[in-house]
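Asker: There's a structure below that I have some questions on.
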Amino acid sequence: MSEIGQYIFNGLMLGMIYAMVAVGFTLFFGVLDVIKFSHGDVLMVGAFAGLTASIGMVHAGITSPVLQLLAVVLFAVGLTGLLGALIARFLILPLHTAPPLNVLLATLMLGTVIREAVRLFYPDGSNPKPFPALLPTSSLDLGALHLRVDNVILLASGLAAIAGVHFLITRTKLGLAIRAVAQDGETARLMGINFEAVVLFTFALGSGLAALAGVMNGLYYNEVNFSVGLLLGVIGFAAAILGGLGNMYGAIIGGFLFAALQVVGSALLPAVVPDIPSAYKDVFAFAAVIVLMAWKPTGLIAEKASERV
């Protein structure tokens with residue numbers, strides 16, 4: 001039971017990270033109907049920005065884990081949010097009337113540029129970098145289940161972040177403007193909504209959420225590398241598609257479902273076929289997603305569409 005509980009908790013932790021990435025894809029697609037394939041690499045920039053902030057705090061003589069963690073989160077989210085807004089302003093908006101394939105290709109190439117820039121210009125960027133352990137590492141015993149306090153904090157923080165985004169989108173005037181632009185951008189303009197400002201804020205919001213996911217990933221694995229956004233971006237996009245691209249609830253469900261498939265794969269594959277290691281869990285998860293998409297092409301929660309006249 002202890003081992004099963006640990007698998008479940010690990011799945012929840014991974015699912016939270018994937019859901020945060022998938023929500024970003026959903027936000028971008030919602031406001032402009034574009035797929036931003038550089039999203040995973042923007043997440044990686046957030047992780048490296050957090051690492052840089054921590055190193056800077058240490059050089060400044062500030063060793064308090066709380067202050068370091070605050071600096072890591074604020075700098076990562078702020079810098080990555082600004083990067084997301086700049087990408088929207090100078091790449092996405094000029095191309096949003098072009099064929100969708102143009103935007104997809106441009107953001108895919110941008111992701112490669114960002115990834116290679118970090119690899120080449122960040123000090124020793126081609127090698128994995130240790131991420132500082134800024135959270136308590138003590139254990140929380142729940143019967144036979146032993147949980148690390150830092151993982152519990154990360155899970156709660158991710159849940160709070162997603163809940164905050166949900167509250168912003170559904171309960172504030174700014175969220176109402178975002179939903180209006182997502183429903184019909186032209187009508188939103190006629191109603192006095194600043195279309196460009198809403199788009200820039202949405203891309204900053206989704207990118208900041210990705211940065212937080214990158215920091216959480218670094219704290220969870222105690223390591224970051226320049227290619228971490230490549231896999232997380234693909235998984236986040238797969239989760240968004242699986243849940244129903246354009247639906248925030250679907251993105252969250254898709255993230256947790258993908259993590260569940262990975263956990264099932266890592267637990268069952270070695271037991272069923274001893275020669276297959278648990279490292280093939282990603283192959284199992286993506287294969288299962290392919291089967292699910294063949295069964296449900298619109299995703300688990302299809303986006304509600306209305307005819308515009």
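Ordering of the structure tokens sets the chain letters (A, B, ...), residue numbers begin anew at 1 in every chain, and ligands are numbered from 1 in the order given.
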Within stretch 49-162 of chain A, find each residue whose DSSP state, derived from the backbone, is strand (DSSP E), and express the selection as a list in words.
Answerer: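 The strand (DSSP E) residues within stretch 49-162 of chain A come out as Lys129, Pro130, Ser139, Leu140, Asp141, Leu142, Leu145, His146, Leu147 and Arg148 of chain A.
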Asker: Given the selection you just returned, output its residues as a file containing all heavy atoms, formatted as a PDB file, in the first residue's frame.
Answerer:
ATOM      1  N   LYS A 129      22.322  21.301 -14.825  1.00  0.00           N
ATOM      2  CA  LYS A 129      22.719  22.181 -13.733  1.00  0.00           C
ATOM      3  C   LYS A 129      21.969  21.788 -12.462  1.00  0.00           C
ATOM      4  O   LYS A 129      20.757  21.575 -12.501  1.00  0.00           O
ATOM      5  CB  LYS A 129      22.386  23.639 -14.071  1.00  0.00           C
ATOM      6  CG  LYS A 129      22.746  24.058 -15.481  1.00  0.00           C
ATOM      7  CD  LYS A 129      24.230  24.230 -15.646  1.00  0.00           C
ATOM      8  CE  LYS A 129      24.729  25.451 -14.937  1.00  0.00           C
ATOM      9  NZ  LYS A 129      26.181  25.674 -15.197  1.00  0.00           N
ATOM     10  N   PRO A 130      22.647  21.707 -11.329  1.00  0.00           N
ATOM     11  CA  PRO A 130      21.943  21.400 -10.080  1.00  0.00           C
ATOM     12  C   PRO A 130      21.053  22.572  -9.666  1.00  0.00           C
ATOM     13  O   PRO A 130      21.481  23.731  -9.686  1.00  0.00           O
ATOM     14  CB  PRO A 130      23.079  21.178  -9.074  1.00  0.00           C
ATOM     15  CG  PRO A 130      24.245  21.926  -9.642  1.00  0.00           C
ATOM     16  CD  PRO A 130      24.108  21.852 -11.129  1.00  0.00           C
ATOM     17  N   SER A 139      10.308  14.424   6.181  1.00  0.00           N
ATOM     18  CA  SER A 139       9.256  13.514   5.730  1.00  0.00           C
ATOM     19  C   SER A 139       7.982  13.716   6.535  1.00  0.00           C
ATOM     20  O   SER A 139       8.012  14.081   7.714  1.00  0.00           O
ATOM     21  CB  SER A 139       9.708  12.056   5.857  1.00  0.00           C
ATOM     22  OG  SER A 139      10.808  11.807   5.012  1.00  0.00           O
ATOM     23  N   LEU A 140       6.876  13.481   5.859  1.00  0.00           N
ATOM     24  CA  LEU A 140       5.562  13.534   6.493  1.00  0.00           C
ATOM     25  C   LEU A 140       5.000  12.120   6.460  1.00  0.00           C
ATOM     26  O   LEU A 140       4.743  11.575   5.384  1.00  0.00           O
ATOM     27  CB  LEU A 140       4.643  14.513   5.742  1.00  0.00           C
ATOM     28  CG  LEU A 140       3.244  14.719   6.302  1.00  0.00           C
ATOM     29  CD1 LEU A 140       3.312  15.360   7.676  1.00  0.00           C
ATOM     30  CD2 LEU A 140       2.418  15.596   5.356  1.00  0.00           C
ATOM     31  N   ASP A 141       4.819  11.516   7.616  1.00  0.00           N
ATOM     32  CA  ASP A 141       4.380  10.130   7.704  1.00  0.00           C
ATOM     33  C   ASP A 141       2.871  10.062   7.866  1.00  0.00           C
ATOM     34  O   ASP A 141       2.304  10.607   8.813  1.00  0.00           O
ATOM     35  CB  ASP A 141       5.047   9.426   8.882  1.00  0.00           C
ATOM     36  CG  ASP A 141       6.560   9.352   8.714  1.00  0.00           C
ATOM     37  OD1 ASP A 141       7.008   9.266   7.559  1.00  0.00           O
ATOM     38  OD2 ASP A 141       7.267   9.386   9.747  1.00  0.00           O
ATOM     39  N   LEU A 142       2.226   9.391   6.895  1.00  0.00           N
ATOM     40  CA  LEU A 142       0.782   9.158   6.958  1.00  0.00           C
ATOM     41  C   LEU A 142       0.563   7.652   6.966  1.00  0.00           C
ATOM     42  O   LEU A 142       0.323   7.038   5.916  1.00  0.00           O
ATOM     43  CB  LEU A 142       0.075   9.814   5.772  1.00  0.00           C
ATOM     44  CG  LEU A 142       0.229  11.340   5.643  1.00  0.00           C
ATOM     45  CD1 LEU A 142      -0.426  11.839   4.357  1.00  0.00           C
ATOM     46  CD2 LEU A 142      -0.382  12.042   6.849  1.00  0.00           C
ATOM     47  N   LEU A 145       2.563   5.506   4.468  1.00  0.00           N
ATOM     48  CA  LEU A 145       2.964   6.379   3.364  1.00  0.00           C
ATOM     49  C   LEU A 145       3.889   7.465   3.886  1.00  0.00           C
ATOM     50  O   LEU A 145       3.568   8.171   4.849  1.00  0.00           O
ATOM     51  CB  LEU A 145       1.724   7.008   2.716  1.00  0.00           C
ATOM     52  CG  LEU A 145       1.965   7.938   1.519  1.00  0.00           C
ATOM     53  CD1 LEU A 145       2.632   7.170   0.389  1.00  0.00           C
ATOM     54  CD2 LEU A 145       0.647   8.542   1.040  1.00  0.00           C
ATOM     55  N   HIS A 146       5.058   7.592   3.267  1.00  0.00           N
ATOM     56  CA  HIS A 146       6.039   8.597   3.658  1.00  0.00           C
ATOM     57  C   HIS A 146       6.144   9.630   2.533  1.00  0.00           C
ATOM     58  O   HIS A 146       6.564   9.303   1.423  1.00  0.00           O
ATOM     59  CB  HIS A 146       7.401   7.952   3.911  1.00  0.00           C
ATOM     60  CG  HIS A 146       7.360   6.826   4.907  1.00  0.00           C
ATOM     61  ND1 HIS A 146       7.231   7.042   6.256  1.00  0.00           N
ATOM     62  CD2 HIS A 146       7.391   5.479   4.732  1.00  0.00           C
ATOM     63  CE1 HIS A 146       7.211   5.874   6.891  1.00  0.00           C
ATOM     64  NE2 HIS A 146       7.301   4.914   5.983  1.00  0.00           N
ATOM     65  N   LEU A 147       5.771  10.868   2.842  1.00  0.00           N
ATOM     66  CA  LEU A 147       5.793  11.937   1.853  1.00  0.00           C
ATOM     67  C   LEU A 147       6.823  12.988   2.246  1.00  0.00           C
ATOM     68  O   LEU A 147       6.946  13.335   3.422  1.00  0.00           O
ATOM     69  CB  LEU A 147       4.409  12.602   1.747  1.00  0.00           C
ATOM     70  CG  LEU A 147       3.238  11.706   1.369  1.00  0.00           C
ATOM     71  CD1 LEU A 147       1.956  12.504   1.366  1.00  0.00           C
ATOM     72  CD2 LEU A 147       3.476  11.057   0.015  1.00  0.00           C
ATOM     73  N   ARG A 148       7.536  13.478   1.263  1.00  0.00           N
ATOM     74  CA  ARG A 148       8.466  14.568   1.509  1.00  0.00           C
ATOM     75  C   ARG A 148       7.697  15.880   1.575  1.00  0.00           C
ATOM     76  O   ARG A 148       6.821  16.146   0.738  1.00  0.00           O
ATOM     77  CB  ARG A 148       9.520  14.622   0.418  1.00  0.00           C
ATOM     78  CG  ARG A 148      10.556  13.520   0.517  1.00  0.00           C
ATOM     79  CD  ARG A 148      11.507  13.511  -0.665  1.00  0.00           C
ATOM     80  NE  ARG A 148      12.059  14.832  -0.927  1.00  0.00           N
ATOM     81  CZ  ARG A 148      12.891  15.087  -1.948  1.00  0.00           C
ATOM     82  NH1 ARG A 148      13.221  14.105  -2.766  1.00  0.00           N
ATOM     83  NH2 ARG A 148      13.361  16.284  -2.124  1.00  0.00           N
TER      84      ARG A 148
END
Asker: List every residue of stretch 3-175 of chain A that DSSP, applied to the backbone, labels as alpha helix (DSSP H), and write the result as number ranges by chain.
Answerer: A: 3-32, 39-59, 65-87, 93-95, 100-121, 149-171, 173-175
Asker: Quick one: pull the distance between atom CA of A:Leu268 and atom CA of A:Phe256, Å, one decimal.
Answerer: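 Straight-line distance from atom CA of A:Leu268 to atom CA of A:Phe256 works out to 18.0 Å.
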Asker: Excluding A:Pro136 and residues on its chain fewer than 2 positions from it, collect all residues at most 7 Å away from it, counting only C-alpha atoms, and give them as a PyMOL selection string.
Answerer: chain A and resi 134+138+149-150
Asker: Those residues with N, CA and C atoms, as a PDB file, in the first residue's frame please?
Answerer:
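See part_4.pdb below for the written result:
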ATOM      1  N   LEU A 134      15.505  24.465  -1.952  1.00  0.00           N
ATOM      2  CA  LEU A 134      15.097  25.602  -1.131  1.00  0.00           C
ATOM      3  C   LEU A 134      13.899  25.291  -0.241  1.00  0.00           C
ATOM      4  N   SER A 138      12.230  17.298   5.050  1.00  0.00           N
ATOM      5  CA  SER A 138      11.780  16.339   6.052  1.00  0.00           C
ATOM      6  C   SER A 138      10.618  15.520   5.508  1.00  0.00           C
ATOM      7  N   VAL A 149       8.040  16.692   2.564  1.00  0.00           N
ATOM      8  CA  VAL A 149       7.324  17.946   2.783  1.00  0.00           C
ATOM      9  C   VAL A 149       7.473  18.865   1.576  1.00  0.00           C
ATOM     10  N   ASP A 150       8.656  18.872   0.950  1.00  0.00           N
ATOM     11  CA  ASP A 150       8.846  19.758  -0.198  1.00  0.00           C
ATOM     12  C   ASP A 150       7.915  19.385  -1.354  1.00  0.00           C
TER      13      ASP A 150
END
Asker: For A:Gly125, work out the shell of residues within 10 Å, counting only C-alpha atoms and skipping chain neighbours fewer than 4 positions away, then give it as a list in words.
Answerer: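 Near neighbours after the sequence-gap exclusion: Phe48, Arg115, Glu116, Ala117, Val118, Arg119, Leu120, Phe121, Lys129, Val224, Asn225 and Phe226 of chain A.
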Asker: With N, CA, C and O atoms retained, export the selected residues as a PDB file, in the first residue's frame.
Answerer:
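Listing of selection.pdb after writing:
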ATOM      1  N   PHE A  48      15.746  28.360 -15.841  1.00  0.00           N
ATOM      2  CA  PHE A  48      17.101  28.906 -15.787  1.00  0.00           C
ATOM      3  C   PHE A  48      17.109  30.301 -15.169  1.00  0.00           C
ATOM      4  O   PHE A  48      18.085  30.682 -14.513  1.00  0.00           O
ATOM      5  N   ARG A 115      16.305  27.508 -27.215  1.00  0.00           N
ATOM      6  CA  ARG A 115      16.974  26.356 -26.614  1.00  0.00           C
ATOM      7  C   ARG A 115      18.476  26.381 -26.899  1.00  0.00           C
ATOM      8  O   ARG A 115      19.291  26.167 -25.992  1.00  0.00           O
ATOM      9  N   GLU A 116      18.826  26.654 -28.135  1.00  0.00           N
ATOM     10  CA  GLU A 116      20.241  26.668 -28.503  1.00  0.00           C
ATOM     11  C   GLU A 116      20.953  27.873 -27.904  1.00  0.00           C
ATOM     12  O   GLU A 116      22.145  27.794 -27.571  1.00  0.00           O
ATOM     13  N   ALA A 117      20.243  29.000 -27.762  1.00  0.00           N
ATOM     14  CA  ALA A 117      20.852  30.182 -27.147  1.00  0.00           C
ATOM     15  C   ALA A 117      21.226  29.901 -25.697  1.00  0.00           C
ATOM     16  O   ALA A 117      22.311  30.287 -25.232  1.00  0.00           O
ATOM     17  N   VAL A 118      20.343  29.227 -24.974  1.00  0.00           N
ATOM     18  CA  VAL A 118      20.654  28.874 -23.589  1.00  0.00           C
ATOM     19  C   VAL A 118      21.817  27.882 -23.553  1.00  0.00           C
ATOM     20  O   VAL A 118      22.730  27.999 -22.717  1.00  0.00           O
ATOM     21  N   ARG A 119      21.798  26.925 -24.439  1.00  0.00           N
ATOM     22  CA  ARG A 119      22.874  25.921 -24.463  1.00  0.00           C
ATOM     23  C   ARG A 119      24.227  26.560 -24.740  1.00  0.00           C
ATOM     24  O   ARG A 119      25.248  26.185 -24.145  1.00  0.00           O
ATOM     25  N   LEU A 120      24.257  27.539 -25.647  1.00  0.00           N
ATOM     26  CA  LEU A 120      25.525  28.118 -26.083  1.00  0.00           C
ATOM     27  C   LEU A 120      26.011  29.258 -25.187  1.00  0.00           C
ATOM     28  O   LEU A 120      27.214  29.409 -24.963  1.00  0.00           O
ATOM     29  N   PHE A 121      25.087  30.078 -24.676  1.00  0.00           N
ATOM     30  CA  PHE A 121      25.502  31.315 -24.013  1.00  0.00           C
ATOM     31  C   PHE A 121      25.371  31.283 -22.487  1.00  0.00           C
ATOM     32  O   PHE A 121      25.996  32.091 -21.811  1.00  0.00           O
ATOM     33  N   LYS A 129      22.322  21.301 -14.825  1.00  0.00           N
ATOM     34  CA  LYS A 129      22.719  22.181 -13.733  1.00  0.00           C
ATOM     35  C   LYS A 129      21.969  21.788 -12.462  1.00  0.00           C
ATOM     36  O   LYS A 129      20.757  21.575 -12.501  1.00  0.00           O
ATOM     37  N   VAL A 224      18.132  21.117 -13.652  1.00  0.00           N
ATOM     38  CA  VAL A 224      17.565  21.685 -14.871  1.00  0.00           C
ATOM     39  C   VAL A 224      18.573  21.495 -16.001  1.00  0.00           C
ATOM     40  O   VAL A 224      19.777  21.430 -15.755  1.00  0.00           O
ATOM     41  N   ASN A 225      18.077  21.380 -17.207  1.00  0.00           N
ATOM     42  CA  ASN A 225      18.956  21.339 -18.364  1.00  0.00           C
ATOM     43  C   ASN A 225      18.258  22.015 -19.541  1.00  0.00           C
ATOM     44  O   ASN A 225      17.043  22.228 -19.514  1.00  0.00           O
ATOM     45  N   PHE A 226      19.041  22.351 -20.551  1.00  0.00           N
ATOM     46  CA  PHE A 226      18.519  23.173 -21.637  1.00  0.00           C
ATOM     47  C   PHE A 226      17.448  22.471 -22.461  1.00  0.00           C
ATOM     48  O   PHE A 226      16.680  23.123 -23.184  1.00  0.00           O
TER      49      PHE A 226
END
Asker: Find the spatial neighbours of stretch 283-297 of chain A, counting only C-alpha atoms, within a cut-off of 7 Å - ignore same-chain residues fewer than 4 positions away - and output them as a list in words.
Answerer: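 The residues satisfying every condition are Leu242, Phe258, Leu261, Gln262 and Gly265 of chain A.
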Asker: Any chance you could export the current selection's N, CA, C and O atoms as a PDB file, in the first residue's frame?
Answerer:
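The resulting file, part-v1.pdb, is shown below:
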ATOM      1  N   LEU A 242      -5.455  16.122 -25.620  1.00  0.00           N
ATOM      2  CA  LEU A 242      -6.198  15.003 -25.037  1.00  0.00           C
ATOM      3  C   LEU A 242      -7.417  15.493 -24.277  1.00  0.00           C
ATOM      4  O   LEU A 242      -8.502  14.909 -24.377  1.00  0.00           O
ATOM      5  N   PHE A 258      -2.343  12.131 -18.425  1.00  0.00           N
ATOM      6  CA  PHE A 258      -1.061  11.747 -19.014  1.00  0.00           C
ATOM      7  C   PHE A 258      -0.108  11.263 -17.922  1.00  0.00           C
ATOM      8  O   PHE A 258       0.598  10.256 -18.090  1.00  0.00           O
ATOM      9  N   LEU A 261      -1.015   7.811 -16.910  1.00  0.00           N
ATOM     10  CA  LEU A 261      -0.552   6.824 -17.880  1.00  0.00           C
ATOM     11  C   LEU A 261       0.933   6.535 -17.694  1.00  0.00           C
ATOM     12  O   LEU A 261       1.374   5.382 -17.815  1.00  0.00           O
ATOM     13  N   GLN A 262       1.720   7.570 -17.400  1.00  0.00           N
ATOM     14  CA  GLN A 262       3.148   7.353 -17.155  1.00  0.00           C
ATOM     15  C   GLN A 262       3.374   6.487 -15.918  1.00  0.00           C
ATOM     16  O   GLN A 262       4.214   5.585 -15.922  1.00  0.00           O
ATOM     17  N   GLY A 265       2.444   2.978 -16.645  1.00  0.00           N
ATOM     18  CA  GLY A 265       3.470   2.370 -17.482  1.00  0.00           C
ATOM     19  C   GLY A 265       4.713   2.004 -16.689  1.00  0.00           C
ATOM     20  O   GLY A 265       5.266   0.907 -16.856  1.00  0.00           O
TER      21      GLY A 265
END
Asker: Measure the distance from atom CA of A:Leu200 to atom CA of A:Ile253 in Å and round it to one decimal.
Answerer: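 Computed distance, atom CA of A:Leu200 to atom CA of A:Ile253, equals 26.0 Å.
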Asker: Could you tell me how far atom CA of A:Gly81 lies from atom CA of A:Tyr220, in Å and to one decimal?
Answerer: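 Going from atom CA of A:Gly81 over to atom CA of A:Tyr220, I get 21.9 Å.
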Asker: For stretch 160-169 of chain A, list every protein, DNA or RNA residue within 9 Å, evaluated using only C-alpha atoms, and leave out those in the same chain fewer than 3 positions away; present the list as number ranges by chain.
Answerer: A: 16, 19-20, 23, 155-157, 172-179, 205, 209, 212, 248, 252
Asker: Within 12 Å of A:Gly229, counting only C-alpha atoms, which residues show up once you throw out same-chain ones fewer than 5 positions away? Write them as a ChimeraX atom specification, please.
Answerer: /A:17-18,21,37-48,111-112,114-116,118,210-211,213-215,217-218,224,234-237
Asker: Select, from A:Leu300, A:Leu219, A:Ala188, A:Val66, the residue with the minimum atom-to-atom distance to A:Gly254, counting only C-alpha atoms.
Answerer: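 The answer is A:Leu300, which sits nearest to A:Gly254.
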Asker: Which one is closest to A:Ala22: A:Ser207, A:Asn151, A:Ser227, A:Gln68? Count only C-alpha atoms.
Answerer: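 Between A:Ser207, A:Asn151, A:Ser227, A:Gln68, the residue approaching A:Ala22 most closely is A:Ser207.
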Asker: Given the choices A:Leu86, A:Asp282, A:Gly299, A:Leu154, which gets closest to A:Phe201 if the distance is worked out from only C-alpha atoms?
Answerer: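 Checking each candidate against A:Phe201, we get A:Leu86 as the closest.
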